[in-house]
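**Student:** Please find work.txt (compact mmCIF, C-alpha atoms) on the next line:
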```txt
# COMPACT_ATOMS: atom_id res chain seq x y z
CA MET A 1 -106.95 1.43 -14.76
CA GLU A 2 -108.95 3.32 -17.37
CA GLN A 3 -107.28 3.36 -20.75
CA ASN A 4 -106.73 7.10 -21.01
CA ALA A 5 -105.50 7.76 -17.46
CA TYR A 6 -101.86 8.74 -17.25
CA ILE A 7 -98.95 10.33 -15.44
CA LYS A 8 -96.41 12.26 -17.49
CA THR A 9 -93.23 14.08 -16.56
CA ASP A 10 -91.74 16.95 -18.56
CA ILE A 11 -88.38 18.49 -17.73
CA ALA A 12 -87.19 21.93 -18.80
CA ASP A 13 -83.90 23.17 -17.37
CA LYS A 14 -84.10 22.59 -13.62
CA ILE A 15 -87.91 22.30 -13.41
CA ALA A 16 -89.86 19.05 -13.75
CA THR A 17 -93.62 19.13 -14.28
CA ILE A 18 -95.61 16.05 -13.27
CA THR A 19 -99.11 15.96 -14.76
CA PHE A 20 -101.82 13.46 -13.86
CA TYR A 21 -105.12 12.76 -15.58
CA SER A 22 -108.12 10.48 -15.39
CA ALA A 23 -111.50 10.98 -17.04
CA ALA A 24 -113.37 10.80 -13.73
CA SER A 25 -112.48 14.34 -12.61
CA ASN A 26 -108.81 13.41 -12.20
CA SER A 27 -109.59 10.88 -9.46
CA PHE A 28 -107.04 8.21 -8.59
CA PRO A 29 -107.28 4.47 -9.16
CA SER A 30 -104.52 2.52 -7.43
CA LEU A 31 -102.38 2.04 -10.54
CA LEU A 32 -102.29 5.79 -11.16
CA LEU A 33 -101.18 6.34 -7.56
CA GLU A 34 -98.38 3.82 -8.09
CA GLU A 35 -97.30 5.58 -11.27
CA LEU A 36 -97.29 8.95 -9.53
CA THR A 37 -95.11 7.59 -6.72
CA THR A 38 -92.69 6.14 -9.28
CA ALA A 39 -92.55 9.44 -11.19
CA ILE A 40 -91.68 11.30 -7.99
CA ASP A 41 -89.04 8.76 -6.97
CA ASN A 42 -87.46 8.78 -10.42
CA LEU A 43 -86.73 12.50 -10.13
CA ASN A 44 -84.66 11.91 -6.99
CA THR A 45 -81.77 10.68 -9.13
CA SER A 46 -81.70 13.84 -11.22
CA THR A 47 -78.74 16.07 -10.47
CA THR A 48 -80.23 18.98 -12.41
CA VAL A 49 -83.89 19.12 -11.36
CA THR A 50 -84.44 21.02 -8.11
CA THR A 51 -88.07 22.04 -8.47
CA VAL A 52 -91.20 20.02 -9.31
CA ILE A 53 -94.59 21.37 -10.38
CA LEU A 54 -97.48 19.01 -9.59
CA GLN A 55 -100.57 19.59 -11.71
CA SER A 56 -103.53 17.88 -13.38
CA GLU A 57 -105.06 18.18 -16.82
CA GLY A 58 -108.14 20.13 -17.86
CA THR A 59 -110.02 23.14 -16.56
CA GLY A 60 -112.47 21.29 -14.30
CA ALA A 61 -111.54 19.59 -11.04
CA PHE A 62 -107.93 19.46 -9.90
CA CYS A 63 -108.54 16.09 -8.25
CA ALA A 64 -111.66 14.21 -7.09
CA GLY A 65 -109.68 12.01 -4.70
CA ALA A 66 -110.04 8.24 -4.71
CA SER A 67 -111.69 6.37 -7.57
CA PHE A 68 -115.22 5.48 -6.47
CA ASP A 69 -115.31 2.57 -8.91
CA GLU A 70 -112.25 1.05 -7.30
CA LEU A 71 -113.53 1.71 -3.78
CA LEU A 72 -116.67 -0.25 -4.62
CA SER A 73 -114.60 -3.12 -5.98
CA ILE A 74 -112.69 -3.67 -2.73
CA GLN A 75 -113.67 -7.02 -1.21
CA ASP A 76 -111.30 -7.50 1.73
CA THR A 77 -109.26 -5.50 4.23
CA ALA A 78 -105.92 -6.36 2.62
CA THR A 79 -107.03 -4.92 -0.71
CA GLY A 80 -108.48 -1.90 1.07
CA LYS A 81 -105.27 -1.26 2.95
CA LYS A 82 -103.27 -1.59 -0.27
CA PHE A 83 -105.49 0.91 -2.08
CA PHE A 84 -105.32 3.59 0.62
CA SER A 85 -101.59 2.94 1.01
CA GLY A 86 -101.30 4.34 -2.51
CA PHE A 87 -102.03 7.83 -1.18
CA ALA A 88 -99.63 7.18 1.72
CA HIS A 89 -96.86 6.28 -0.70
CA VAL A 90 -97.39 9.46 -2.76
CA ILE A 91 -97.35 11.70 0.31
CA ASN A 92 -94.24 10.01 1.69
CA ALA A 93 -92.49 10.18 -1.69
CA ILE A 94 -93.01 13.96 -1.81
CA ARG A 95 -92.01 14.28 1.85
CA LYS A 96 -88.74 12.39 1.37
CA SER A 97 -87.83 13.91 -1.98
CA PRO A 98 -85.03 16.52 -1.83
CA LYS A 99 -86.89 18.50 -4.51
CA ILE A 100 -89.18 21.45 -3.83
CA PHE A 101 -92.77 20.66 -4.85
CA ILE A 102 -95.06 23.41 -6.09
CA GLY A 103 -98.76 22.63 -6.44
CA ARG A 104 -100.85 24.04 -9.28
CA ILE A 105 -104.41 23.75 -7.99
CA HIS A 106 -106.54 25.06 -10.85
CA GLY A 107 -109.96 23.80 -9.72
CA LYS A 108 -111.97 22.06 -7.03
CA THR A 109 -110.26 19.34 -5.07
CA VAL A 110 -111.69 16.65 -2.81
CA GLY A 111 -110.32 14.14 -0.30
CA GLY A 112 -107.01 12.74 -1.47
CA GLY A 113 -106.62 15.74 -3.77
CA VAL A 114 -106.53 17.98 -0.69
CA GLY A 115 -103.85 15.66 0.65
CA LEU A 116 -101.80 16.15 -2.51
CA ALA A 117 -102.07 19.93 -2.23
CA ALA A 118 -101.07 19.76 1.45
CA SER A 119 -98.03 17.67 0.57
CA CYS A 120 -96.63 20.35 -1.73
CA ASP A 121 -94.15 22.79 -0.26
CA TYR A 122 -95.85 25.77 -1.90
CA CYS A 123 -99.26 26.02 -3.58
CA PHE A 124 -100.71 28.27 -6.26
CA ALA A 125 -104.47 28.12 -6.79
CA THR A 126 -107.29 29.86 -8.59
CA ASP A 127 -110.30 31.28 -6.78
CA LYS A 128 -112.27 28.31 -8.18
CA ALA A 129 -110.11 25.85 -6.22
CA ALA A 130 -112.57 25.14 -3.42
CA ILE A 131 -111.81 22.15 -1.18
CA LYS A 132 -113.83 19.46 0.57
CA LEU A 133 -113.08 16.43 2.71
CA SER A 134 -116.13 14.29 1.96
CA GLU A 135 -114.81 11.04 3.48
CA LEU A 136 -117.07 11.02 6.56
CA ALA A 137 -120.08 11.40 4.28
CA ILE A 138 -119.25 8.05 2.68
CA GLY A 139 -118.51 6.25 5.93
CA ILE A 140 -114.73 6.43 6.03
CA GLY A 141 -112.52 9.36 7.05
CA PRO A 142 -109.52 11.33 5.79
CA PHE A 143 -107.18 9.19 7.89
CA VAL A 144 -104.21 8.82 5.53
CA ILE A 145 -104.06 12.45 4.47
CA GLU A 146 -104.76 13.92 7.92
CA PRO A 147 -101.09 14.31 8.96
CA ALA A 148 -100.29 16.20 5.75
CA VAL A 149 -103.39 18.41 5.93
CA SER A 150 -103.09 19.11 9.66
CA ARG A 151 -99.41 19.96 9.19
CA LYS A 152 -100.47 22.75 6.81
CA ILE A 153 -103.72 24.08 8.28
CA GLY A 154 -103.63 22.93 11.91
CA LYS A 155 -105.81 20.46 13.79
CA THR A 156 -108.63 22.92 14.47
CA ALA A 157 -109.13 23.80 10.79
CA PHE A 158 -108.76 20.12 9.87
CA THR A 159 -111.53 19.27 12.34
CA SER A 160 -113.80 21.88 10.77
CA LEU A 161 -112.99 20.69 7.26
CA SER A 162 -113.50 17.01 7.98
CA LEU A 163 -116.74 17.33 10.00
CA ALA A 164 -118.28 19.67 7.39
CA ALA A 165 -118.06 16.74 4.98
CA HIS A 166 -120.79 18.06 2.64
CA GLU A 167 -119.48 21.63 2.58
CA TRP A 168 -117.11 23.28 0.14
CA LYS A 169 -114.56 25.60 1.73
CA THR A 170 -113.50 28.42 -0.60
CA ALA A 171 -110.04 28.95 -1.99
CA THR A 172 -109.87 32.05 0.20
CA TRP A 173 -110.57 29.89 3.26
CA ALA A 174 -107.82 27.49 2.14
CA GLN A 175 -105.38 30.38 1.74
CA GLN A 176 -106.29 31.92 5.09
CA HIS A 177 -105.63 28.59 6.80
CA GLY A 178 -102.29 27.94 5.07
CA LEU A 179 -103.12 25.32 2.45
CA TYR A 180 -102.69 27.71 -0.47
CA ASP A 181 -99.90 30.26 -0.57
CA GLU A 182 -101.23 32.33 -3.48
CA VAL A 183 -104.67 32.57 -5.10
CA TYR A 184 -105.44 34.21 -8.46
CA ASP A 185 -108.65 34.96 -10.33
CA THR A 186 -107.60 33.37 -13.63
CA ILE A 187 -105.59 30.32 -14.70
CA GLU A 188 -103.54 32.57 -16.98
CA ARG A 189 -102.43 34.74 -14.06
CA LEU A 190 -101.81 31.67 -11.93
CA ASP A 191 -99.54 30.14 -14.58
CA LEU A 192 -97.62 33.37 -15.07
CA GLU A 193 -96.94 33.78 -11.36
CA LEU A 194 -96.28 30.09 -10.78
CA HIS A 195 -93.67 29.81 -13.51
CA THR A 196 -91.97 33.02 -12.42
CA PHE A 197 -91.79 31.63 -8.89
CA ALA A 198 -90.65 28.14 -9.98
CA THR A 199 -87.94 29.60 -12.20
CA ARG A 200 -86.64 31.72 -9.35
CA VAL A 201 -86.62 28.80 -6.90
CA SER A 202 -84.86 26.58 -9.45
CA THR A 203 -81.89 28.97 -9.50
CA TYR A 204 -81.21 28.54 -5.79
CA ASN A 205 -78.37 26.36 -4.49
CA PRO A 206 -79.60 22.72 -4.79
CA GLU A 207 -77.83 21.75 -1.58
CA ALA A 208 -79.49 24.59 0.32
CA LEU A 209 -82.90 23.63 -1.08
CA ALA A 210 -82.40 19.99 -0.06
CA GLU A 211 -81.41 21.04 3.45
CA MET A 212 -84.41 23.37 3.69
CA LYS A 213 -86.70 20.57 2.52
CA GLN A 214 -85.60 18.50 5.51
CA ILE A 215 -86.34 21.42 7.81
CA PHE A 216 -89.79 21.97 6.26
CA TRP A 217 -90.65 18.34 7.10
CA GLU A 218 -89.05 18.06 10.54
CA GLY A 219 -90.91 15.73 12.87
CA THR A 220 -92.39 13.53 10.14
CA ALA A 221 -89.88 10.67 10.07
CA HIS A 222 -92.49 8.32 11.57
CA TRP A 223 -94.94 8.85 8.69
CA ASP A 224 -93.91 5.68 6.84
CA THR A 225 -95.43 3.73 9.71
CA LEU A 226 -98.18 6.18 10.63
CA LEU A 227 -99.70 6.51 7.16
CA THR A 228 -99.67 2.75 6.67
CA GLU A 229 -101.54 2.34 9.95
CA ARG A 230 -104.05 4.96 8.80
CA ALA A 231 -104.49 3.13 5.48
CA GLU A 232 -105.44 0.03 7.44
CA ILE A 233 -108.25 1.93 9.18
CA SER A 234 -109.65 3.19 5.86
CA GLY A 235 -109.24 -0.26 4.32
CA ARG A 236 -111.41 -1.74 7.06
CA LEU A 237 -114.09 0.95 7.03
CA VAL A 238 -114.52 0.89 3.24
CA LEU A 239 -116.03 -2.60 3.61
CA SER A 240 -118.76 -1.44 5.99
CA ASP A 241 -122.39 -1.57 4.87
CA PHE A 242 -122.63 2.18 5.50
CA THR A 243 -119.80 2.94 3.08
CA VAL A 244 -120.92 0.52 0.36
CA GLN A 245 -124.42 2.02 0.38
CA ALA A 246 -123.08 5.58 0.49
CA LEU A 247 -120.73 4.98 -2.45
CA GLN A 248 -123.52 3.45 -4.51
CA ALA A 249 -125.77 6.42 -3.71
CA PHE A 250 -123.02 8.87 -4.75
CA LYS A 251 -122.50 7.06 -8.04
CA GLN A 252 -126.21 7.24 -8.83
CA LYS A 253 -126.34 11.03 -8.43
```
Spell out the structure here as structure tokens.
**Tutor:**
Amino acid sequence: MEQNAYIKTDIADKIATITFYSAASNSFPSLLLEELTTAIDNLNTSTTVTTVILQSEGTGAFCAGASFDELLSIQDTATGKKFFSGFAHVINAIRKSPKIFIGRIHGKTVGGGVGLAASCDYCFATDKAAIKLSELAIGIGPFVIEPAVSRKIGKTAFTSLSLAAHEWKTATWAQQHGLYDEVYDTIERLDLELHTFATRVSTYNPEALAEMKQIFWEGTAHWDTLLTERAEISGRLVLSDFTVQALQAFKQK
């Protein structure tokens, strides 16, 4: 993992803020995905924290998805499955956590980053937070994140988003289709509204929030198996000549 990439968790009163960063537009190498999963799981033991804000550093991209460098380094299906399982583990950790997750989507987000946003229970975004599922353009597909994204925006919108693999959908589009709950024209306004909302949610009965979290995610108990099966598909396709050539072409741009 790059030297400066990190996950950090800050706790104030009943609100935890998990921040992730990597120099390559906040994309995820496998070790960073593992650290994010651990950070989420560690909060489960907290008897005070009820609310978690998920955010990334900087003012550029929220998340560029999977690390292209690591995708190019994959040499066999087992390694490929393990890498894509990293996103599966993060999504399942959020799904199974009794805490309420609030996404702070300050900028553009691609691929796995869209999956992260979809995994949050409530999302704040800026009008610069356009989204794209570019996986088909590089020879794979958004297999692992599909259940999370489709759960939020529906299968029809997911189909449109995934087939338009070279097209950015606006933050307004994302809000209209249920991915974002609120969209603001500045980061300052976003942060003001987000923290007001998070503070309010954090005052609610923790037991009621935990029960509601289970209701929000009804029908997803099979995702431990499903997302692992999806990771296997991506892990196989990433070795194809089409994908290797596409990734190299993207890196040269």
**Student:** Give as an mmCIF file with C-alpha atoms, in the frame of the given file the set of residues within 12 Å of the point (-121.2, 0.1, 4.3), where distances use the file's coordinates and all atoms listed in the file.
**Tutor:**
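result-v2.cif written:
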```cif
data_model
loop_
_atom_site.group_PDB
_atom_site.id
_atom_site.type_symbol
_atom_site.label_atom_id
_atom_site.label_comp_id
_atom_site.auth_asym_id
_atom_site.auth_seq_id
_atom_site.Cartn_x
_atom_site.Cartn_y
_atom_site.Cartn_z
ATOM 1 C CA LEU A 71 -113.530 1.710 -3.780
ATOM 2 C CA LEU A 72 -116.670 -0.250 -4.620
ATOM 3 C CA ILE A 74 -112.690 -3.670 -2.730
ATOM 4 C CA GLN A 75 -113.670 -7.020 -1.210
ATOM 5 C CA LEU A 136 -117.070 11.020 6.560
ATOM 6 C CA ALA A 137 -120.080 11.400 4.280
ATOM 7 C CA ILE A 138 -119.250 8.050 2.680
ATOM 8 C CA GLY A 139 -118.510 6.250 5.930
ATOM 9 C CA ILE A 140 -114.730 6.430 6.030
ATOM 10 C CA GLY A 235 -109.240 -0.260 4.320
ATOM 11 C CA ARG A 236 -111.410 -1.740 7.060
ATOM 12 C CA LEU A 237 -114.090 0.950 7.030
ATOM 13 C CA VAL A 238 -114.520 0.890 3.240
ATOM 14 C CA LEU A 239 -116.030 -2.600 3.610
ATOM 15 C CA SER A 240 -118.760 -1.440 5.990
ATOM 16 C CA ASP A 241 -122.390 -1.570 4.870
ATOM 17 C CA PHE A 242 -122.630 2.180 5.500
ATOM 18 C CA THR A 243 -119.800 2.940 3.080
ATOM 19 C CA VAL A 244 -120.920 0.520 0.360
ATOM 20 C CA GLN A 245 -124.420 2.020 0.380
ATOM 21 C CA ALA A 246 -123.080 5.580 0.490
ATOM 22 C CA LEU A 247 -120.730 4.980 -2.450
ATOM 23 C CA GLN A 248 -123.520 3.450 -4.510
ATOM 24 C CA ALA A 249 -125.770 6.420 -3.710
#
```
**Student:** Using all atoms listed in the file, tabulate the residues of stretch 84-136 of chain A lying at most 12 Å from any atom of stretch 4-24 of chain A, each with its closest atom pair and that distance in Å to one decimal, by chain and increasing residue number, as CSV.
**Tutor:**
```
residue,atom,partner,partner_atom,distance
A:Ile94,CA,A:Ile18,CA,11.9
A:Lys99,CA,A:Ala16,CA,9.7
A:Ile100,CA,A:Ile15,CA,9.7
A:Phe101,CA,A:Ala16,CA,9.5
A:Ile102,CA,A:Thr17,CA,9.4
A:Gly103,CA,A:Ile18,CA,10.0
A:Arg104,CA,A:Thr19,CA,9.9
A:Ile105,CA,A:Thr19,CA,11.6
A:Gly113,CA,A:Phe20,CA,11.4
A:Leu116,CA,A:Phe20,CA,11.7
```
**Student:** Atom CA of A:Leu43 to atom CA of A:Val90: how many Å, to one decimal?
**Tutor:** 13.3 Å
**Student:** What is the atom CA of A:Thr50 to atom CA of A:Cys123 distance in Å?
**Tutor:** 16.3 Å
**Student:** At what distance in Å, to one decimal, does atom CA of A:Gln214 lie from atom CA of A:Pro98?
**Tutor:**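 Between these atoms lies a distance of 7.6 Å.
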**Student:** Which is closest to A:Pro142 among A:His89, A:Lys155, A:Arg189, A:Arg230, if we use all atoms listed in the file?
**Tutor:** A:Arg230
